[in-house]
file start.cif (mmCIF, C-alpha atoms and all ligand atoms)
data_structure
#
loop_
_atom_site.label_atom_id
_atom_site.label_comp_id
_atom_site.auth_asym_id
_atom_site.auth_seq_id
_atom_site.Cartn_x
_atom_site.Cartn_y
_atom_site.Cartn_z
CA MET A 1 128.06 -21.31 71.53
CA LYS A 2 125.99 -18.35 72.75
CA LYS A 3 123.70 -17.05 70.05
CA LEU A 4 124.45 -13.30 70.10
CA GLY A 5 126.92 -12.09 67.45
CA PHE A 6 128.54 -8.65 67.59
CA GLY A 7 127.74 -6.95 64.27
CA LEU A 8 130.53 -4.48 63.51
CA MET A 9 128.60 -2.40 60.98
CA ARG A 10 127.21 0.40 63.16
CA LEU A 11 130.13 1.09 65.46
CA PRO A 12 130.36 4.25 67.56
CA LYS A 13 131.91 7.11 65.57
CA LEU A 14 133.71 10.34 66.45
CA ASP A 15 132.03 12.20 63.61
CA LYS A 16 128.52 11.08 62.73
CA ASP A 17 129.02 12.11 59.08
CA ASP A 18 132.27 10.22 58.68
CA GLU A 19 131.85 6.45 58.48
CA SER A 20 135.57 5.88 58.85
CA SER A 21 135.84 7.77 62.16
CA VAL A 22 135.37 4.69 64.34
CA GLU A 23 135.81 5.30 68.05
CA TYR A 24 138.38 2.57 68.63
CA GLU A 25 138.64 2.88 72.44
CA GLN A 26 134.89 2.53 72.81
CA VAL A 27 134.88 -0.56 70.54
CA ASP A 28 137.72 -2.04 72.63
CA LYS A 29 135.65 -1.61 75.78
CA MET A 30 132.56 -3.12 74.17
CA ALA A 31 134.48 -6.13 72.81
CA GLU A 32 136.10 -6.72 76.20
CA THR A 33 132.71 -6.83 77.96
CA PHE A 34 131.31 -9.03 75.21
CA MET A 35 134.13 -11.59 75.58
CA LYS A 36 134.07 -11.46 79.38
CA ASN A 37 130.42 -12.47 79.31
CA GLY A 38 131.12 -15.59 77.28
CA PHE A 39 130.23 -14.30 73.80
CA ASN A 40 132.80 -14.58 71.01
CA TYR A 41 131.24 -14.28 67.53
CA PHE A 42 132.03 -11.09 65.57
CA ASP A 43 130.72 -10.17 62.13
CA THR A 44 132.42 -7.64 59.87
CA ALA A 45 132.73 -6.89 56.15
CA TYR A 46 135.23 -5.31 53.78
CA ILE A 47 132.96 -2.33 53.19
CA TYR A 48 131.80 -1.60 56.75
CA HIS A 49 133.02 1.77 57.98
CA GLN A 50 135.08 2.09 54.79
CA GLY A 51 137.37 -0.71 55.90
CA ARG A 52 137.80 0.52 59.49
CA SER A 53 135.43 -2.08 60.92
CA GLU A 54 137.97 -4.83 60.19
CA VAL A 55 140.73 -2.65 61.61
CA ALA A 56 138.67 -1.96 64.75
CA PHE A 57 138.22 -5.70 65.20
CA LYS A 58 141.98 -6.26 65.19
CA HIS A 59 142.46 -3.39 67.63
CA ALA A 60 139.80 -4.71 70.00
CA VAL A 61 140.05 -8.48 69.66
CA THR A 62 142.96 -9.99 67.69
CA ASP A 63 145.52 -7.88 69.53
CA HIS A 64 144.26 -9.02 72.95
CA TYR A 65 142.94 -12.58 72.77
CA PRO A 66 144.30 -15.98 71.65
CA ARG A 67 143.13 -16.85 68.13
CA GLU A 68 141.12 -19.91 69.20
CA SER A 69 139.08 -17.87 71.71
CA PHE A 70 137.11 -15.84 69.14
CA ILE A 71 135.19 -16.40 65.92
CA ILE A 72 135.30 -13.88 63.10
CA ALA A 73 133.01 -13.69 60.07
CA ASP A 74 134.01 -11.55 57.07
CA LYS A 75 132.71 -11.10 53.54
CA MET A 76 133.72 -10.71 49.89
CA PRO A 77 132.04 -7.52 48.60
CA LEU A 78 130.34 -8.90 45.47
CA PRO A 79 128.93 -5.54 44.28
CA PHE A 80 132.52 -4.22 43.91
CA ILE A 81 134.02 -7.16 42.03
CA ASN A 82 134.47 -6.58 38.33
CA LYS A 83 137.90 -8.15 37.76
CA ASP A 84 139.05 -11.59 38.90
CA GLU A 85 142.36 -10.12 40.18
CA GLN A 86 140.47 -8.19 42.86
CA LEU A 87 139.61 -11.38 44.71
CA GLU A 88 143.12 -12.18 45.93
CA ASN A 89 143.93 -8.53 46.72
CA ILE A 90 140.78 -8.05 48.79
CA PHE A 91 141.20 -11.35 50.61
CA GLN A 92 144.81 -10.56 51.53
CA ASP A 93 143.77 -7.05 52.66
CA GLN A 94 141.18 -8.62 54.92
CA LEU A 95 143.60 -11.04 56.57
CA GLU A 96 145.96 -8.16 57.20
CA ARG A 97 143.34 -5.75 58.53
CA LEU A 98 141.90 -8.43 60.83
CA GLY A 99 145.37 -9.57 61.92
CA VAL A 100 144.47 -13.25 61.50
CA ASP A 101 145.77 -16.07 59.31
CA TYR A 102 142.37 -17.69 58.78
CA ILE A 103 138.74 -16.57 58.84
CA ASP A 104 136.16 -18.75 60.61
CA TYR A 105 133.05 -17.84 58.62
CA TYR A 106 133.47 -16.31 55.19
CA LEU A 107 130.54 -15.07 53.14
CA MET A 108 129.82 -13.97 49.63
CA HIS A 109 128.31 -10.64 50.60
CA ASN A 110 124.87 -9.55 49.44
CA VAL A 111 123.95 -12.15 46.84
CA CYS A 112 121.20 -10.55 44.76
CA GLU A 113 120.41 -9.59 41.20
CA SER A 114 122.31 -6.30 41.37
CA SER A 115 125.54 -7.97 42.54
CA GLU A 116 125.57 -10.73 39.92
CA ASP A 117 128.62 -9.34 38.12
CA GLY A 118 130.57 -10.24 41.26
CA TYR A 119 129.85 -13.96 41.13
CA LEU A 120 127.98 -15.16 38.10
CA ASN A 121 131.05 -16.24 36.13
CA GLY A 122 131.76 -18.73 38.94
CA LYS A 123 135.29 -17.39 39.57
CA THR A 124 134.46 -15.99 43.01
CA TYR A 125 133.05 -19.31 44.18
CA GLU A 126 136.06 -21.25 42.81
CA PHE A 127 138.46 -18.78 44.42
CA LEU A 128 136.81 -19.09 47.83
CA LYS A 129 136.60 -22.88 47.62
CA GLN A 130 140.32 -22.90 46.95
CA LYS A 131 140.93 -20.67 50.01
CA LYS A 132 138.91 -23.10 52.06
CA GLU A 133 140.94 -26.06 50.83
CA GLU A 134 144.10 -24.15 51.75
CA GLY A 135 142.78 -23.58 55.28
CA TYR A 136 142.28 -19.81 55.09
CA ILE A 137 138.51 -20.20 55.43
CA LYS A 138 136.86 -22.59 57.86
CA HIS A 139 133.24 -22.30 56.71
CA LEU A 140 131.98 -20.86 53.44
CA GLY A 141 128.55 -19.27 53.15
CA PHE A 142 126.69 -16.28 51.77
CA SER A 143 124.38 -13.47 52.76
CA ALA A 144 121.34 -12.75 50.65
CA HIS A 145 118.85 -9.98 50.06
CA ASP A 146 116.66 -11.42 47.35
CA SER A 147 113.61 -13.61 46.83
CA ALA A 148 113.44 -17.18 48.12
CA GLU A 149 113.43 -18.44 44.55
CA TYR A 150 116.65 -16.57 43.81
CA VAL A 151 118.27 -17.81 47.01
CA GLU A 152 117.37 -21.42 46.19
CA GLU A 153 118.79 -21.13 42.69
CA PHE A 154 122.04 -19.74 44.13
CA ILE A 155 122.31 -22.66 46.55
CA LYS A 156 121.83 -25.14 43.71
CA GLN A 157 124.51 -23.47 41.62
CA ASN A 158 126.98 -23.18 44.51
CA PRO A 159 126.62 -26.50 46.31
CA GLY A 160 129.56 -25.91 48.66
CA MET A 161 127.68 -23.40 50.79
CA GLU A 162 127.75 -24.42 54.46
CA PHE A 163 125.66 -21.65 56.05
CA ILE A 164 123.49 -18.70 55.11
CA GLN A 165 122.97 -15.21 56.53
CA LEU A 166 119.44 -13.91 56.15
CA GLN A 167 117.49 -10.84 57.14
CA ILE A 168 114.88 -12.22 59.51
CA ASN A 169 112.67 -10.37 61.95
CA TYR A 170 109.02 -10.62 62.86
CA LEU A 171 108.03 -7.66 60.71
CA ASP A 172 109.62 -9.04 57.52
CA TRP A 173 108.48 -12.63 58.16
CA GLU A 174 105.43 -12.47 55.89
CA ASN A 175 106.56 -9.49 53.81
CA ASN A 176 106.01 -10.30 50.12
CA VAL A 177 109.07 -8.42 48.91
CA LEU A 178 111.59 -9.35 51.61
CA GLN A 179 110.24 -12.91 52.01
CA ALA A 180 111.93 -13.69 55.33
CA ARG A 181 109.82 -16.77 56.02
CA LYS A 182 110.20 -18.17 52.53
CA CYS A 183 114.00 -17.63 52.55
CA TYR A 184 114.16 -19.24 55.99
CA GLU A 185 112.26 -22.26 54.64
CA VAL A 186 114.73 -22.60 51.75
CA ALA A 187 117.62 -22.59 54.24
CA GLN A 188 115.88 -25.29 56.27
CA LYS A 189 115.19 -27.36 53.15
CA TYR A 190 118.92 -27.42 52.32
CA ASN A 191 119.94 -27.89 55.98
CA LEU A 192 121.94 -24.68 56.01
CA PRO A 193 122.55 -23.27 59.51
CA ILE A 194 121.28 -19.69 59.66
CA VAL A 195 122.87 -16.47 60.86
CA VAL A 196 120.19 -13.83 61.35
CA MET A 197 120.92 -10.24 60.38
CA GLU A 198 118.73 -7.22 61.04
CA PRO A 199 116.71 -8.92 63.83
CA LEU A 200 115.66 -5.41 64.93
CA LYS A 201 115.29 -4.09 61.39
CA GLY A 202 118.07 -1.57 61.85
CA GLY A 203 116.79 -0.59 65.31
CA PHE A 204 113.29 0.04 64.04
CA LEU A 205 111.75 -2.69 66.20
CA VAL A 206 113.14 -1.07 69.34
CA ASN A 207 110.81 1.92 69.04
CA VAL A 208 107.50 0.49 67.92
CA PRO A 209 104.21 2.44 68.12
CA LYS A 210 103.03 2.99 71.70
CA GLU A 211 99.97 0.80 71.20
CA ALA A 212 102.18 -2.16 70.17
CA GLU A 213 104.63 -1.58 72.99
CA LYS A 214 101.75 -1.59 75.48
CA LEU A 215 100.56 -4.98 74.25
CA MET A 216 103.98 -6.49 74.79
CA CYS A 217 104.77 -4.86 78.13
CA GLU A 218 101.37 -5.66 79.60
CA TYR A 219 101.83 -9.35 78.80
CA ASN A 220 105.24 -9.98 80.37
CA GLY A 221 106.89 -6.64 81.22
CA GLN A 222 109.51 -7.11 78.51
CA PRO A 223 110.48 -4.27 76.15
CA PRO A 224 110.03 -4.58 72.35
CA ILE A 225 113.74 -5.28 71.78
CA GLN A 226 113.52 -8.41 73.93
CA TRP A 227 110.52 -9.70 72.01
CA ALA A 228 112.24 -9.12 68.67
CA LEU A 229 115.42 -10.93 69.71
CA ARG A 230 113.56 -13.81 71.33
CA TYR A 231 111.51 -14.20 68.14
CA VAL A 232 114.53 -14.89 65.92
CA ALA A 233 116.69 -16.71 68.47
CA GLY A 234 113.86 -19.22 68.99
CA LEU A 235 113.64 -20.25 65.33
CA PRO A 236 114.96 -23.78 64.74
CA GLY A 237 118.12 -23.77 62.62
CA VAL A 238 119.27 -20.31 63.74
CA PHE A 239 122.75 -20.61 65.23
CA MET A 240 123.62 -16.91 65.50
CA VAL A 241 121.76 -13.61 65.80
CA LEU A 242 123.71 -10.51 64.83
CA SER A 243 123.09 -7.20 66.44
CA GLY A 244 124.84 -4.10 65.06
CA MET A 245 125.76 -2.43 68.32
CA SER A 246 126.58 1.27 68.42
CA SER A 247 127.07 1.92 72.11
CA TYR A 248 128.11 0.29 75.35
CA ASP A 249 124.56 0.54 76.70
CA GLN A 250 123.17 -1.34 73.71
CA LEU A 251 125.78 -4.03 74.19
CA LYS A 252 124.92 -4.44 77.89
CA GLU A 253 121.22 -4.66 77.09
CA ASN A 254 121.81 -7.34 74.43
CA ILE A 255 124.06 -9.35 76.73
CA GLU A 256 121.43 -9.35 79.46
CA ILE A 257 118.75 -10.50 77.02
CA PHE A 258 120.89 -13.31 75.54
CA ASP A 259 122.20 -14.55 78.88
CA ASP A 260 118.99 -16.46 79.42
CA ILE A 261 117.03 -16.19 76.20
CA LYS A 262 113.84 -18.20 75.73
CA PRO A 263 111.72 -18.69 72.59
CA LEU A 264 108.33 -16.96 72.42
CA ASN A 265 105.41 -19.07 73.60
CA ASP A 266 102.19 -19.50 71.60
CA GLU A 267 100.43 -16.58 73.27
CA GLU A 268 103.39 -14.35 72.61
CA HIS A 269 103.36 -15.35 68.94
CA GLU A 270 99.73 -14.29 68.79
CA ILE A 271 100.64 -10.92 70.31
CA ILE A 272 103.40 -10.52 67.72
CA LYS A 273 100.82 -10.93 64.97
CA LYS A 274 98.84 -8.00 66.42
CA VAL A 275 102.04 -5.96 66.82
CA VAL A 276 102.87 -6.53 63.13
CA GLU A 277 99.44 -5.31 62.17
CA ILE A 278 99.84 -2.15 64.24
CA ILE A 279 103.30 -1.43 62.87
CA ASN A 280 102.24 -2.05 59.28
CA ASN A 281 99.46 0.46 59.75
CA ASN A 282 102.03 3.05 60.84
CA ILE A 283 105.33 2.31 59.11
CA ALA A 284 106.24 4.61 56.29
CA VAL A 285 109.55 3.42 54.80
CA GLU A 286 111.11 0.04 55.57
CA CYS A 287 114.67 1.38 55.63
CA THR A 288 117.11 -0.56 57.83
CA GLY A 289 119.79 2.17 57.77
CA CYS A 290 122.33 -0.11 56.06
CA ASN A 291 123.83 2.89 54.16
CA TYR A 292 124.35 0.91 50.94
CA CYS A 293 122.63 3.64 48.94
CA LEU A 294 124.72 6.53 50.26
CA SER A 295 127.68 6.54 47.90
CA SER A 296 125.43 6.45 44.84
CA CYS A 297 123.70 9.78 45.44
CA PRO A 298 125.05 12.71 43.37
CA GLU A 299 123.11 15.14 45.58
CA ASN A 300 124.76 13.83 48.75
CA ILE A 301 121.42 13.13 50.41
CA VAL A 302 121.79 11.12 53.63
CA ILE A 303 118.87 8.94 52.65
CA PRO A 304 118.67 6.67 55.76
CA GLU A 305 118.80 9.62 58.14
CA LEU A 306 115.87 11.29 56.38
CA PHE A 307 113.90 8.04 56.33
CA GLN A 308 114.56 7.56 60.03
CA ILE A 309 113.25 11.02 60.89
CA TYR A 310 110.27 10.48 58.60
CA ASN A 311 109.43 7.06 60.10
CA HIS A 312 109.50 8.42 63.63
CA GLN A 313 107.25 11.27 62.60
CA MET A 314 104.78 8.87 60.98
CA ILE A 315 104.77 6.49 63.95
CA GLN A 316 103.90 9.37 66.25
CA ASN A 317 100.95 9.84 63.93
CA THR A 318 100.68 13.53 64.68
CA ASP A 319 100.68 16.83 62.82
CA ASN A 320 102.91 18.30 65.52
CA PHE A 321 106.32 18.77 63.91
CA THR A 322 108.16 19.89 67.03
CA ALA A 323 110.29 16.80 67.73
CA TYR A 324 111.07 15.45 64.30
CA GLY A 325 110.73 18.78 62.51
CA ASN A 326 113.65 19.93 64.65
CA ALA A 327 115.63 16.86 63.68
CA TYR A 328 114.97 17.73 60.04
CA ILE A 329 116.00 21.36 60.58
CA ASN A 330 119.22 20.23 62.27
CA TYR A 331 119.97 17.96 59.33
CA ALA A 332 119.30 20.80 56.89
CA LYS A 333 121.32 23.33 58.91
CA SER A 334 124.62 21.53 58.41
CA GLY A 335 124.40 22.62 54.76
CA GLU A 336 126.63 19.71 53.75
CA HIS A 337 123.94 17.34 52.58
CA GLY A 338 121.11 17.41 50.11
CA LEU A 339 117.53 17.71 51.35
CA ALA A 340 114.77 15.34 50.28
CA GLY A 341 113.64 18.00 47.80
CA ASP A 342 117.09 18.02 46.17
CA CYS A 343 116.55 14.53 44.79
CA ILE A 344 116.85 14.68 40.99
CA LYS A 345 115.27 11.22 40.57
CA CYS A 346 118.30 9.82 38.77
CA GLN A 347 117.47 6.43 40.36
CA ALA A 348 121.14 5.53 40.93
CA CYS A 349 120.29 4.54 44.51
CA ILE A 350 117.48 2.10 43.73
CA PRO A 351 119.53 -0.98 42.72
CA LYS A 352 121.73 -0.50 45.80
CA CYS A 353 118.87 -0.93 48.24
CA PRO A 354 118.51 -4.47 49.64
CA GLN A 355 115.04 -3.54 50.90
CA HIS A 356 113.86 -2.74 47.36
CA ILE A 357 112.66 0.71 48.39
CA ASN A 358 111.74 3.15 45.66
CA ILE A 359 113.90 5.82 47.28
CA PRO A 360 113.09 8.85 45.05
CA GLU A 361 109.37 8.15 45.39
CA GLU A 362 109.65 8.01 49.18
CA LEU A 363 111.79 11.15 49.29
CA VAL A 364 108.95 13.07 47.68
CA LYS A 365 106.81 12.15 50.71
CA VAL A 366 109.60 13.16 53.09
CA ARG A 367 109.89 16.49 51.30
CA ASP A 368 106.14 17.04 51.45
CA THR A 369 106.06 16.14 55.15
CA PHE A 370 108.89 18.38 56.30
CA GLU A 371 110.07 20.91 53.77
CA ILE A 372 106.73 22.35 52.83
CA PRO A 373 105.32 22.71 56.39
CA LEU A 374 108.64 23.86 57.82
CA TYR A 375 109.96 26.10 55.12
CA GLY A 376 106.87 26.73 53.06
CA PHE A 377 108.65 25.86 49.83
CA ASN A 378 108.75 22.99 47.46
CA GLN A 379 112.21 22.79 45.95
CA GLN A 380 111.50 20.39 43.13
CA GLU A 381 108.07 20.88 41.65
CA GLU A 382 106.55 17.71 40.24
S1 LIG B 401 117.29 9.22 42.89
FE1 LIG B 401 117.55 10.92 44.32
S2 LIG B 401 118.23 9.97 46.20
FE2 LIG B 401 118.54 8.46 44.60
S3 LIG B 401 120.66 8.77 43.95
FE3 LIG B 401 119.38 10.02 42.59
S4 LIG B 401 119.33 12.04 43.57
FE4 LIG B 401 120.07 10.59 45.13
S1 LIG B 402 117.23 3.20 51.69
FE1 LIG B 402 117.78 1.05 51.37
S2 LIG B 402 119.97 1.08 50.91
FE2 LIG B 402 119.47 3.06 51.78
S3 LIG B 402 119.91 2.82 53.96
FE3 LIG B 402 117.74 2.38 53.68
S4 LIG B 402 117.65 0.16 53.44
FE4 LIG B 402 119.78 0.74 53.12
#

call {"tool": "encode", "arguments": {"input": "start.cif", "output": "structure tokens"}}
result
Amino acid sequence: MKKLGFGLMRLPKLDKDDESSVEYEQVDKMAETFMKNGFNYFDTAYIYHQGRSEVAFKHAVTDHYPRESFIIADKMPLPFINKDEQLENIFQDQLERLGVDYIDYYLMHNVCESSEDGYLNGKTYEFLKQKKEEGYIKHLGFSAHDSAEYVEEFIKQNPGMEFIQLQINYLDWENNVLQARKCYEVAQKYNLPIVVMEPLKGGFLVNVPKEAEKLMCEYNGQPPIQWALRYVAGLPGVFMVLSGMSSYDQLKENIEIFDDIKPLNDEEHEIIKKVVEIINNNIAVECTGCNYCLSSCPENIVIPELFQIYNHQMIQNTDNFTAYGNAYINYAKSGEHGLAGDCIKCQACIPKCPQHINIPEELVKVRDTFEIPLYGFNQQEE
């Protein structure tokens, strides 16, 4: 099996502000090229694109290819489960949206402290084990965004897990909060095959600081994206690396990289250590752009978009606001969304964030970086 999985969470959209406006024809074309090149693993979830990700998969894959030629992974949305009856309804919805009568890899989605209501009474696990016995699920696993200790405890309490999906990339490897290395070691200890998510940290590792990019390119001529993907694909125990692809060009680039992917050598690992140091000296907010926080914000602030603009500004390490100041102005101009300074610090977004970012605290910095220099006002005085 080739190791690149098509993550269906950042699909091309007709309207950038409407998650459900998936550009189906473009996804069809991307899936066709993906399959033609010998790749066949797709990863979706009930919540991606407000349910349209699963629909887009059917449109692009199920409707065109024999069932045994592709592999689909889908997930039970633990943070939304508060009644046992939901389990059957959601599962049936998923089979229908995907157009399949079984799911190859099925995950309990986003196992962490804030989603405990969705699984702690054990009913979700029992329900999914039953579905597996009935043949509707081929392999049962889970995705996690918590500490290694928490992940290990979950494995002990749910011994039927056959695989695990973890956020692993070179920047998070030694991060004390995200604990990529420690979680990876737990997976290895329990012999759980690993699916890697966020190998590029939501695209962040594609545009690293110039100084880091230079180190990589001067060594072997390869761009940062190739280094990041080679890093995770080379880890023992990793059987799939997901990339959330948003355009045909991204897909082509990933296919080329994975066609003949090789692990990093020792010298390259040493260079990665220096790259991490450079990035950590520049990175402002470790947002992956997963959008989990969006629906919680009463001020309708598009939090990941503001963090993305802010991170790019910080990485440029300049007081010149031309490039990213304009991006901020364009965001503000639409008038439909709250600005960083509109944050009322209600904290509703914090438990939603798998990266454990103190969002209101970071938004104050975003506000101070853009709104005061650009507009000369400070909407929410401390
Ligand atoms: S703390 Fe700020 S960003 Fe977070 S949900 Fe409340 S208003 Fe929105
Ligand atoms: S702030 Fe957190 S929850 Fe929101 S998009 Fe970024 S990583 Fe995801």

call {"tool": "closest_residue", "arguments": {"input": "start.cif", "among": "A:Met1, A:Ile155, A:Ile168, A:Ile372", "to": "Lys201 of chain A", "atoms": "all atoms listed in the file"}}
result
A:Ile168

call {"tool": "residues_around", "arguments": {"input": "start.cif", "residues": "Thr124 of chain A", "least_positions_apart": "4", "cutoff": "8 Å", "atoms": "all atoms listed in the file", "output": "list of chain:residue names"}}
result
A:Asp84, A:Leu87, A:Gly118, A:Tyr119, A:Leu128

call {"tool": "residues_near_ligand", "arguments": {"input": "start.cif", "ligand": "ligand LIG 402 (chain B)", "cutoff": "9 Å", "atoms": "all atoms listed in the file", "output": "ChimeraX atom specification"}}
result
/A:202,285-294,302-305,307-308,349-359

call {"tool": "residues_around", "arguments": {"input": "start.cif", "residues": "Cys217 of chain A", "least_positions_apart": "4", "cutoff": "12 Å", "atoms": "all atoms listed in the file", "output": "ChimeraX atom specification"}}
result
/A:208,210-213,221-227,268,271-272,275

call {"tool": "write_last_selection", "arguments": {"input": "start.cif", "atoms": "C-alpha atoms", "output": "compact mmCIF listing (two decimals), in the coordinates of the input"}}
result
# COMPACT_ATOMS: atom_id res chain seq x y z
CA VAL A 208 107.50 0.49 67.92
CA LYS A 210 103.03 2.99 71.70
CA GLU A 211 99.97 0.80 71.20
CA ALA A 212 102.18 -2.16 70.17
CA GLU A 213 104.63 -1.58 72.99
CA GLY A 221 106.89 -6.64 81.22
CA GLN A 222 109.51 -7.11 78.51
CA PRO A 223 110.48 -4.27 76.15
CA PRO A 224 110.03 -4.58 72.35
CA ILE A 225 113.74 -5.28 71.78
CA GLN A 226 113.52 -8.41 73.93
CA TRP A 227 110.52 -9.70 72.01
CA GLU A 268 103.39 -14.35 72.61
CA ILE A 271 100.64 -10.92 70.31
CA ILE A 272 103.40 -10.52 67.72
CA VAL A 275 102.04 -5.96 66.82

call {"tool": "closest_atom_pairs", "arguments": {"input": "start.cif", "of": "chain A", "to": "ligand LIG 401 (chain B)", "cutoff": "8 Å", "atoms": "only C-alpha atoms and all ligand atoms", "output": "tab-separated table"}}
result
residue	atom	partner	partner_atom	distance
A:Cys293	CA	B:LIG401	S3	7.4
A:Leu294	CA	B:LIG401	S3	7.8
A:Ser296	CA	B:LIG401	S3	5.4
A:Cys297	CA	B:LIG401	S3	3.5
A:Pro298	CA	B:LIG401	FE4	5.7
A:Glu299	CA	B:LIG401	S4	5.3
A:Asn300	CA	B:LIG401	FE4	6.8
A:Ile301	CA	B:LIG401	FE4	6.0
A:Ile303	CA	B:LIG401	S2	6.6
A:Ala340	CA	B:LIG401	S2	7.6
A:Asp342	CA	B:LIG401	S4	6.9
A:Cys343	CA	B:LIG401	FE1	3.8
A:Ile344	CA	B:LIG401	S4	4.4
A:Lys345	CA	B:LIG401	S1	3.7
A:Cys346	CA	B:LIG401	FE3	4.0
A:Gln347	CA	B:LIG401	S1	3.8
A:Ala348	CA	B:LIG401	S3	4.5
A:Cys349	CA	B:LIG401	S3	4.3
A:Ile350	CA	B:LIG401	FE2	6.5
A:Ile359	CA	B:LIG401	FE2	6.0
A:Pro360	CA	B:LIG401	S1	4.7
A:Leu363	CA	B:LIG401	S2	7.2

call {"tool": "residues_around", "arguments": {"input": "start.cif", "residues": "Pro77 of chain A", "least_positions_apart": "6", "cutoff": "12 Å", "atoms": "all atoms listed in the file", "output": "ChimeraX atom specification"}}
result
/A:44-48,50-51,86-87,90-91,94,106-112,115-119,124,142-143,292

call {"tool": "closest_residue", "arguments": {"input": "start.cif", "among": "A:His139, A:His269, A:Arg10, A:Lys36", "to": "Lys75 of chain A", "atoms": "only C-alpha atoms"}}
result
A:His139
